[in-house]
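J.: Handing over query_35.cif, mmCIF, C-alpha atoms.
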```cif
data_start
loop_
_atom_site.label_atom_id
_atom_site.label_comp_id
_atom_site.auth_asym_id
_atom_site.auth_seq_id
_atom_site.Cartn_x
_atom_site.Cartn_y
_atom_site.Cartn_z
CA MET A 1 -12.59 19.01 10.15
CA GLU A 2 -9.70 21.47 10.49
CA PRO A 3 -6.43 21.22 12.47
CA THR A 4 -6.08 22.98 15.81
CA ALA A 5 -2.30 23.44 16.07
CA ARG A 6 0.81 23.70 13.87
CA LEU A 7 4.54 23.48 14.66
CA PRO A 8 7.69 23.98 12.50
CA VAL A 9 10.44 21.32 12.56
CA ASP A 10 13.85 20.78 10.89
CA GLY A 11 12.97 19.23 7.51
CA ASP A 12 9.92 17.52 6.03
CA VAL A 13 8.09 15.25 8.49
CA THR A 14 8.61 11.55 7.65
CA GLY A 15 7.19 9.85 10.76
CA LEU A 16 4.92 10.51 13.76
CA ALA A 17 4.01 8.45 16.83
CA TRP A 18 2.13 9.36 20.00
CA VAL A 19 3.72 8.08 23.23
CA PRO A 20 1.23 5.83 25.08
CA GLU A 21 0.05 7.02 28.51
CA ARG A 22 1.79 10.36 28.03
CA PRO A 23 0.83 13.54 26.13
CA ALA A 24 3.99 13.41 23.99
CA LEU A 25 4.78 12.94 20.30
CA PHE A 26 7.80 11.46 18.49
CA THR A 27 8.60 13.01 15.09
CA SER A 28 11.24 12.10 12.46
CA THR A 29 12.30 14.33 9.57
CA SER A 30 13.95 14.21 6.16
CA ARG A 31 17.04 15.91 7.63
CA GLY A 32 17.60 13.11 10.13
CA ALA A 33 16.12 14.70 13.26
CA LEU A 34 14.13 12.70 15.83
CA TYR A 35 12.05 14.88 18.18
CA ILE A 36 9.99 14.43 21.32
CA HIS A 37 7.31 17.10 21.80
CA GLU A 38 4.90 17.51 24.71
CA LEU A 39 1.26 18.43 24.19
CA VAL A 40 0.69 21.74 26.03
CA ASP A 41 -2.05 24.26 26.66
CA GLN A 42 -1.42 27.11 24.23
CA ASP A 43 -2.58 29.75 26.70
CA GLY A 44 -0.80 28.72 29.92
CA GLY A 45 1.95 26.45 28.59
CA GLU A 46 0.99 23.61 30.96
CA VAL A 47 1.20 19.96 29.84
CA VAL A 48 -2.24 18.77 28.69
CA THR A 49 -3.45 15.68 30.54
CA THR A 50 -7.11 15.75 29.45
CA ILE A 51 -8.55 16.80 26.09
CA THR A 52 -12.20 17.82 26.00
CA ASP A 53 -14.34 19.28 23.26
CA ARG A 54 -13.69 22.77 24.62
CA ALA A 55 -9.91 22.38 24.92
CA THR A 56 -9.24 23.50 21.36
CA LYS A 57 -6.21 25.72 22.02
CA PHE A 58 -3.26 23.40 22.44
CA GLY A 59 0.19 23.12 20.92
CA LEU A 60 3.49 21.21 21.01
CA ARG A 61 6.68 22.03 22.93
CA GLU A 62 10.09 20.49 22.07
CA VAL A 63 11.54 18.30 24.83
CA LEU A 64 14.32 16.36 23.07
CA LYS A 65 16.05 16.30 19.66
CA LEU A 66 18.27 13.44 18.44
CA ARG A 67 20.02 12.56 15.17
CA PRO A 68 20.12 8.73 15.41
CA HIS A 69 21.81 7.98 12.07
CA GLU A 70 24.68 10.49 12.31
CA LYS A 71 26.63 8.11 14.56
CA ASN A 72 27.05 5.86 11.52
CA ALA A 73 27.98 8.75 9.21
CA PRO A 74 29.74 11.56 11.15
CA GLY A 75 29.33 14.97 9.57
CA GLN A 76 26.59 13.82 7.21
CA LYS A 77 22.87 14.50 7.54
CA VAL A 78 21.34 11.08 7.01
CA GLY A 79 17.59 11.51 6.65
CA CYS A 80 14.99 9.36 8.39
CA ILE A 81 12.87 7.65 5.73
CA ALA A 82 10.44 5.99 8.14
CA MET A 83 9.84 5.56 11.87
CA ALA A 84 7.98 3.18 14.23
CA LEU A 85 7.39 3.30 17.99
CA HIS A 86 7.20 0.09 20.06
CA GLU A 87 4.33 0.88 22.40
CA THR A 88 5.49 -1.45 25.20
CA ASN A 89 9.21 -0.74 25.59
CA GLY A 90 9.16 2.76 24.07
CA GLU A 91 11.90 2.04 21.53
CA ILE A 92 11.89 3.89 18.20
CA ALA A 93 13.05 2.19 15.00
CA THR A 94 14.06 4.48 12.13
CA VAL A 95 15.27 3.68 8.61
CA GLY A 96 18.00 5.99 7.31
CA SER A 97 18.40 7.23 3.77
CA ASP A 98 21.73 5.31 3.72
CA GLY A 99 19.96 1.96 4.30
CA SER A 100 20.73 1.72 8.04
CA ILE A 101 18.29 0.95 10.85
CA ALA A 102 18.64 2.77 14.19
CA ILE A 103 16.96 1.71 17.43
CA SER A 104 16.59 4.66 19.80
CA GLY A 105 15.23 5.18 23.30
CA ALA A 106 14.42 8.48 24.98
CA MET A 107 17.28 8.08 27.48
CA ALA A 108 19.67 5.74 25.61
CA GLU A 109 22.29 6.14 22.89
CA PRO A 110 20.91 5.00 19.49
CA ARG A 111 22.26 1.65 18.26
CA ILE A 112 22.85 1.23 14.55
CA LEU A 113 22.16 -2.12 12.88
CA PRO A 114 24.27 -3.35 9.93
CA HIS A 115 23.55 -1.96 6.46
CA ASP A 116 21.36 -4.04 4.19
CA PRO A 117 21.25 -3.07 0.48
CA GLU A 118 17.62 -4.19 0.41
CA LEU A 119 16.76 -1.39 2.85
CA LEU A 120 17.60 1.32 0.33
CA SER A 121 14.17 0.74 -1.23
CA VAL A 122 12.32 0.64 2.12
CA THR A 123 9.42 3.07 2.40
CA GLY A 124 7.71 2.14 5.69
CA ILE A 125 8.37 0.30 8.96
CA ASP A 126 6.38 -1.04 11.93
CA TRP A 127 6.93 -3.34 14.91
CA ARG A 128 5.31 -6.80 14.66
CA SER A 129 6.70 -7.97 18.02
CA SER A 130 9.41 -6.89 20.47
CA HIS A 131 12.10 -8.34 18.17
CA GLU A 132 10.50 -8.16 14.71
CA LEU A 133 10.13 -5.23 12.32
CA VAL A 134 7.95 -5.29 9.21
CA MET A 135 8.93 -3.09 6.25
CA SER A 136 7.33 -2.09 2.95
CA SER A 137 9.30 -1.34 -0.21
CA LEU A 138 9.16 0.20 -3.66
CA ALA A 139 9.34 -3.35 -5.05
CA GLY A 140 5.83 -4.06 -3.68
CA ARG A 141 7.27 -6.48 -1.11
CA ILE A 142 6.74 -6.79 2.66
CA THR A 143 9.90 -7.86 4.51
CA LEU A 144 10.39 -9.16 8.06
CA PHE A 145 13.50 -7.95 9.93
CA ASP A 146 14.33 -10.14 12.97
CA LEU A 147 16.66 -8.30 15.37
CA ARG A 148 17.89 -11.63 16.82
CA GLN A 149 19.21 -13.08 13.54
CA ARG A 150 22.61 -12.71 11.82
CA SER A 151 20.82 -12.42 8.44
CA PRO A 152 17.77 -10.58 9.71
CA SER A 153 15.86 -9.75 6.50
CA ARG A 154 13.49 -12.15 4.75
CA PRO A 155 10.52 -11.58 2.43
CA LEU A 156 7.24 -12.03 4.28
CA ALA A 157 4.65 -11.39 1.56
CA GLN A 158 4.26 -9.95 -1.90
CA GLU A 159 1.34 -9.01 -4.09
CA ASN A 160 0.27 -11.61 -6.62
CA GLY A 161 0.74 -10.63 -10.26
CA SER A 162 2.66 -7.44 -11.01
CA PRO A 163 3.52 -5.80 -7.66
CA SER A 164 2.89 -2.08 -7.24
CA PRO A 165 5.18 0.12 -5.12
CA LEU A 166 4.19 0.28 -1.45
CA ASN A 167 4.67 3.60 0.34
CA CYS A 168 4.01 2.49 3.94
CA VAL A 169 2.97 -0.40 6.19
CA ALA A 170 1.16 -0.81 9.53
CA VAL A 171 0.56 -3.85 11.78
CA ASN A 172 -2.75 -4.47 13.54
CA THR A 173 -1.63 -4.79 17.18
CA SER A 174 -4.53 -7.08 18.15
CA GLN A 175 -4.23 -9.21 14.97
CA PRO A 176 -0.55 -9.18 13.91
CA HIS A 177 -1.33 -11.24 10.79
CA ILE A 178 -3.35 -8.28 9.49
CA LEU A 179 -1.31 -5.52 7.81
CA ALA A 180 -2.27 -2.34 5.96
CA THR A 181 -0.26 -0.65 3.24
CA GLY A 182 -0.64 2.58 1.28
CA GLY A 183 0.17 2.82 -2.39
CA GLN A 184 -0.05 4.97 -5.45
CA GLN A 185 -3.18 6.62 -6.87
CA GLY A 186 -4.76 6.94 -3.41
CA VAL A 187 -5.17 3.20 -2.78
CA VAL A 188 -5.12 1.57 0.69
CA GLN A 189 -4.59 -2.19 0.89
CA VAL A 190 -5.30 -4.61 3.78
CA TRP A 191 -3.40 -7.91 3.91
CA ASP A 192 -4.01 -11.19 5.75
CA ILE A 193 -0.57 -12.88 5.80
CA ARG A 194 -1.39 -16.09 7.68
CA ASN A 195 -0.47 -17.80 4.41
CA SER A 196 2.54 -15.67 3.48
CA SER A 197 3.06 -17.40 0.12
CA ARG A 198 -0.49 -16.48 -0.96
CA PRO A 199 -1.65 -13.56 1.19
CA THR A 200 -5.26 -12.43 1.07
CA THR A 201 -5.50 -8.79 0.05
CA GLU A 202 -8.28 -6.25 -0.33
CA LEU A 203 -7.80 -2.74 -1.70
CA PHE A 204 -9.96 0.36 -1.95
CA PRO A 205 -9.52 4.00 -2.98
CA VAL A 206 -9.38 6.61 -0.22
CA HIS A 207 -7.31 9.55 -1.53
CA SER A 208 -6.73 11.24 -4.88
CA SER A 209 -2.93 10.77 -4.78
CA ASP A 210 -0.18 8.66 -3.13
CA VAL A 211 -0.96 7.35 0.37
CA TRP A 212 2.12 8.05 2.50
CA GLU A 213 1.07 6.50 5.82
CA VAL A 214 -1.58 4.21 7.30
CA ARG A 215 -2.29 3.49 10.97
CA PHE A 216 -4.76 1.19 12.70
CA ASN A 217 -6.87 3.18 15.15
CA PRO A 218 -5.91 1.95 18.67
CA ILE A 219 -9.29 3.09 20.02
CA ARG A 220 -11.46 1.43 17.34
CA ALA A 221 -9.58 -1.44 15.70
CA GLU A 222 -11.96 -1.52 12.73
CA ASP A 223 -10.80 1.94 11.60
CA LEU A 224 -7.68 3.04 9.69
CA VAL A 225 -6.13 6.52 9.78
CA THR A 226 -4.40 7.55 6.54
CA CYS A 227 -2.62 10.54 4.98
CA SER A 228 -1.75 11.46 1.43
CA GLU A 229 0.03 13.65 -1.09
CA ASP A 230 -3.37 15.26 -1.67
CA GLY A 231 -2.86 17.11 1.65
CA SER A 232 -5.58 15.32 3.62
CA MET A 233 -5.84 12.83 6.48
CA CYS A 234 -8.72 10.32 6.56
CA VAL A 235 -10.32 7.98 9.08
CA VAL A 236 -11.66 4.94 7.21
CA ARG A 237 -13.68 1.88 8.25
CA TRP A 238 -11.73 -1.18 7.02
CA GLN A 239 -13.70 -3.83 8.89
CA GLN A 240 -17.19 -4.20 10.31
CA PRO A 241 -17.12 -4.79 14.09
CA GLN A 242 -16.97 -8.49 15.03
CA SER A 243 -16.13 -9.58 11.46
CA ASP A 244 -12.93 -11.36 10.46
CA PHE A 245 -11.76 -9.55 7.35
CA SER A 246 -14.06 -7.36 5.30
CA VAL A 247 -13.18 -4.14 3.51
CA ASP A 248 -15.99 -2.24 1.83
CA PRO A 249 -14.51 -0.57 -1.29
CA ALA A 250 -17.59 1.59 -1.76
CA ARG A 251 -17.57 3.04 1.75
CA PRO A 252 -16.29 6.64 1.80
CA PRO A 253 -13.90 7.91 4.50
CA LEU A 254 -15.58 8.45 7.85
CA HIS A 255 -13.73 11.73 8.32
CA ARG A 256 -11.51 13.82 6.05
CA ILE A 257 -9.19 16.29 7.79
CA GLN A 258 -7.67 19.05 5.68
CA ASP A 259 -6.30 22.52 6.31
CA PRO A 260 -7.34 24.83 3.45
CA SER A 261 -4.13 26.82 3.91
CA HIS A 262 -1.89 23.73 3.62
CA LYS A 263 -1.56 22.91 -0.08
CA LEU A 264 1.30 20.39 0.18
CA GLY A 265 1.29 16.66 0.93
CA MET A 266 0.82 15.03 4.34
CA ASN A 267 3.64 12.50 4.89
CA SER A 268 2.81 10.92 8.25
CA VAL A 269 -0.10 10.46 10.64
CA ASP A 270 -0.81 8.92 14.05
CA ILE A 271 -3.69 8.87 16.53
CA HIS A 272 -3.24 9.04 20.30
CA PRO A 273 -4.35 5.71 21.89
CA GLU A 274 -6.30 7.43 24.67
CA LYS A 275 -7.03 11.03 23.70
CA GLY A 276 -8.47 10.58 20.18
CA THR A 277 -6.17 13.26 18.76
CA VAL A 278 -4.78 12.85 15.24
CA ALA A 279 -1.31 14.27 14.51
CA GLY A 280 -0.30 14.80 10.89
CA GLY A 281 3.06 15.88 9.51
CA GLY A 282 3.80 17.12 6.03
CA ASP A 283 6.00 19.05 3.64
CA ALA A 284 6.99 22.62 4.49
CA ALA A 285 8.05 21.29 7.95
CA ALA A 286 4.50 21.35 9.33
CA ILE A 287 2.83 19.34 12.11
CA MET A 288 -0.95 19.60 12.52
CA LEU A 289 -3.23 18.32 15.29
CA SER A 290 -6.95 17.56 15.11
CA LYS A 291 -9.49 15.85 17.41
CA ILE A 292 -11.83 13.22 15.97
#
```
For this file, write the structure as structure tokens.

T.:
Amino acid sequence: MEPTARLPVDGDVTGLAWVPERPALFTSTSRGALYIHELVDQDGGEVVTTITDRATKFGLREVLKLRPHEKNAPGQKVGCIAMALHETNGEIATVGSDGSIAISGAMAEPRILPHDPELLSVTGIDWRSSHELVMSSLAGRITLFDLRQRSPSRPLAQENGSPSPLNCVAVNTSQPHILATGGQQGVVQVWDIRNSSRPTTELFPVHSSDVWEVRFNPIRAEDLVTCSEDGSMCVVRWQQPQSDFSVDPARPPLHRIQDPSHKLGMNSVDIHPEKGTVAGGGDAAAIMLSKI
């Protein structure tokens, strides 16, 4: 499969999220920008409301651009390390390269949460509930950040044995005790954290290099969407339908999406919850779209 659209942005793409019930895309970058783009017909420029097999010529149009972490550091370009969209209230959580967390809305001023030294090693973020954020770290640890607490950070789970660095984390929206992380050497890991002191984990190889982002497919909950330093995006079956927790390490990716002209890594990926369109963002300030 090959991408159908590309768009330049300010900096390397570090996060992507489709807006539910709207043909729009949030994007964060290494230079601290947070964008909203609309999905448009490339020929007429109209907003796309329906994607069919024949509607292959579409693109993205910038609607809004914010810099959520600059409020905390005037005059400095604080990069966005990771980003997560809350699908119900539309809030965006971003982690800054200075260790700050910003909560942004499309029409509201970003609010900056207190610095936490632990956050300087954060690599990924996702919403677990309306007041809880889950984060992955280079220390191989998964941390819960409760927005209601004075001391909001606490370890939630960690690999047994010698932990490996985690590059990203995603929460299964229908089973919030199921998490997925991406690591080094192309490995994707699925966690069951009902017993946080001894989490159940399964891992399997998907890519040939670091996995930078994982997402649970909102259309088919048994599938994961991933992207990697190897320049590809993959759709992978992590669970057989109707089963509780079963990863098949021998099963190859269902789909591999790669642009032959894009030789650099893909840093972020998301799939639209209704339209089945995968958006991938990478180095060289590129965003790519593909239907699956």

J.: Taking the file above as input, evaluate the PyMOL selection byres ((chain A and resi 165-176) around 8) and report the hits as an MDAnalysis selection string.

T.: chainID A and resid 123:128 134:141 163:164 177:184 210:216 221

J.: Kindly indicate which residue among A:Arg198, A:Gly231, A:Asn217, A:Leu224 lies nearest to Lys263 of chain A, using all atoms listed in the file for the distances.

T.: A:Gly231

J.: Is there a way to get, as a list in words, all residues within 8 Å of the point (16.7, 11.0, 9.4) in file coordinates, counting all atoms listed in the file?

T.: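 Checked against the point, the hits come out as Ser28, Thr29, Ser30, Arg31, Gly32, Ala33, Leu34, Arg67, Pro68, His69, Lys77, Val78, Gly79, Cys80, Ile81, Thr94, Val95, Gly96 and Ser97 of chain A.
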
J.: When distances are computed from all atoms listed in the file, which of A:Ser261, A:Leu156, A:Lys291, A:Gln189 shows the smallest separation from Trp238 of chain A?

T.: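 Among A:Ser261, A:Leu156, A:Lys291, A:Gln189, it is A:Gln189 that comes nearest to Trp238 of chain A.
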
J.: So what do you get for atom CA of Thr200 of chain A versus atom CA of Gln239 of chain A, distance-wise?

T.: 14.4 Å

J.: May I ask for the distance between atom CA of Val122 of chain A and atom CA of Ala93 of chain A, given in Å to one decimal place?

T.: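 Pair atom CA of Val122 of chain A / atom CA of Ala93 of chain A returns 13.0 Å.
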
J.: Can you list what the PyMOL selection byres ((chain A and resi 88) around 10) grabs from this structure, as a PDB file with C-alpha atoms, in the coordinates of the input?

T.:
```
ATOM      1  CA  VAL A  19       3.720   8.080  23.230  1.00  0.00           C
ATOM      2  CA  PRO A  20       1.230   5.830  25.080  1.00  0.00           C
ATOM      3  CA  LEU A  85       7.390   3.300  17.990  1.00  0.00           C
ATOM      4  CA  HIS A  86       7.200   0.090  20.060  1.00  0.00           C
ATOM      5  CA  GLU A  87       4.330   0.880  22.400  1.00  0.00           C
ATOM      6  CA  ASN A  89       9.210  -0.740  25.590  1.00  0.00           C
ATOM      7  CA  GLY A  90       9.160   2.760  24.070  1.00  0.00           C
ATOM      8  CA  GLU A  91      11.900   2.040  21.530  1.00  0.00           C
ATOM      9  CA  SER A 129       6.700  -7.970  18.020  1.00  0.00           C
ATOM     10  CA  SER A 130       9.410  -6.890  20.470  1.00  0.00           C
TER      11      SER A 130
END
```
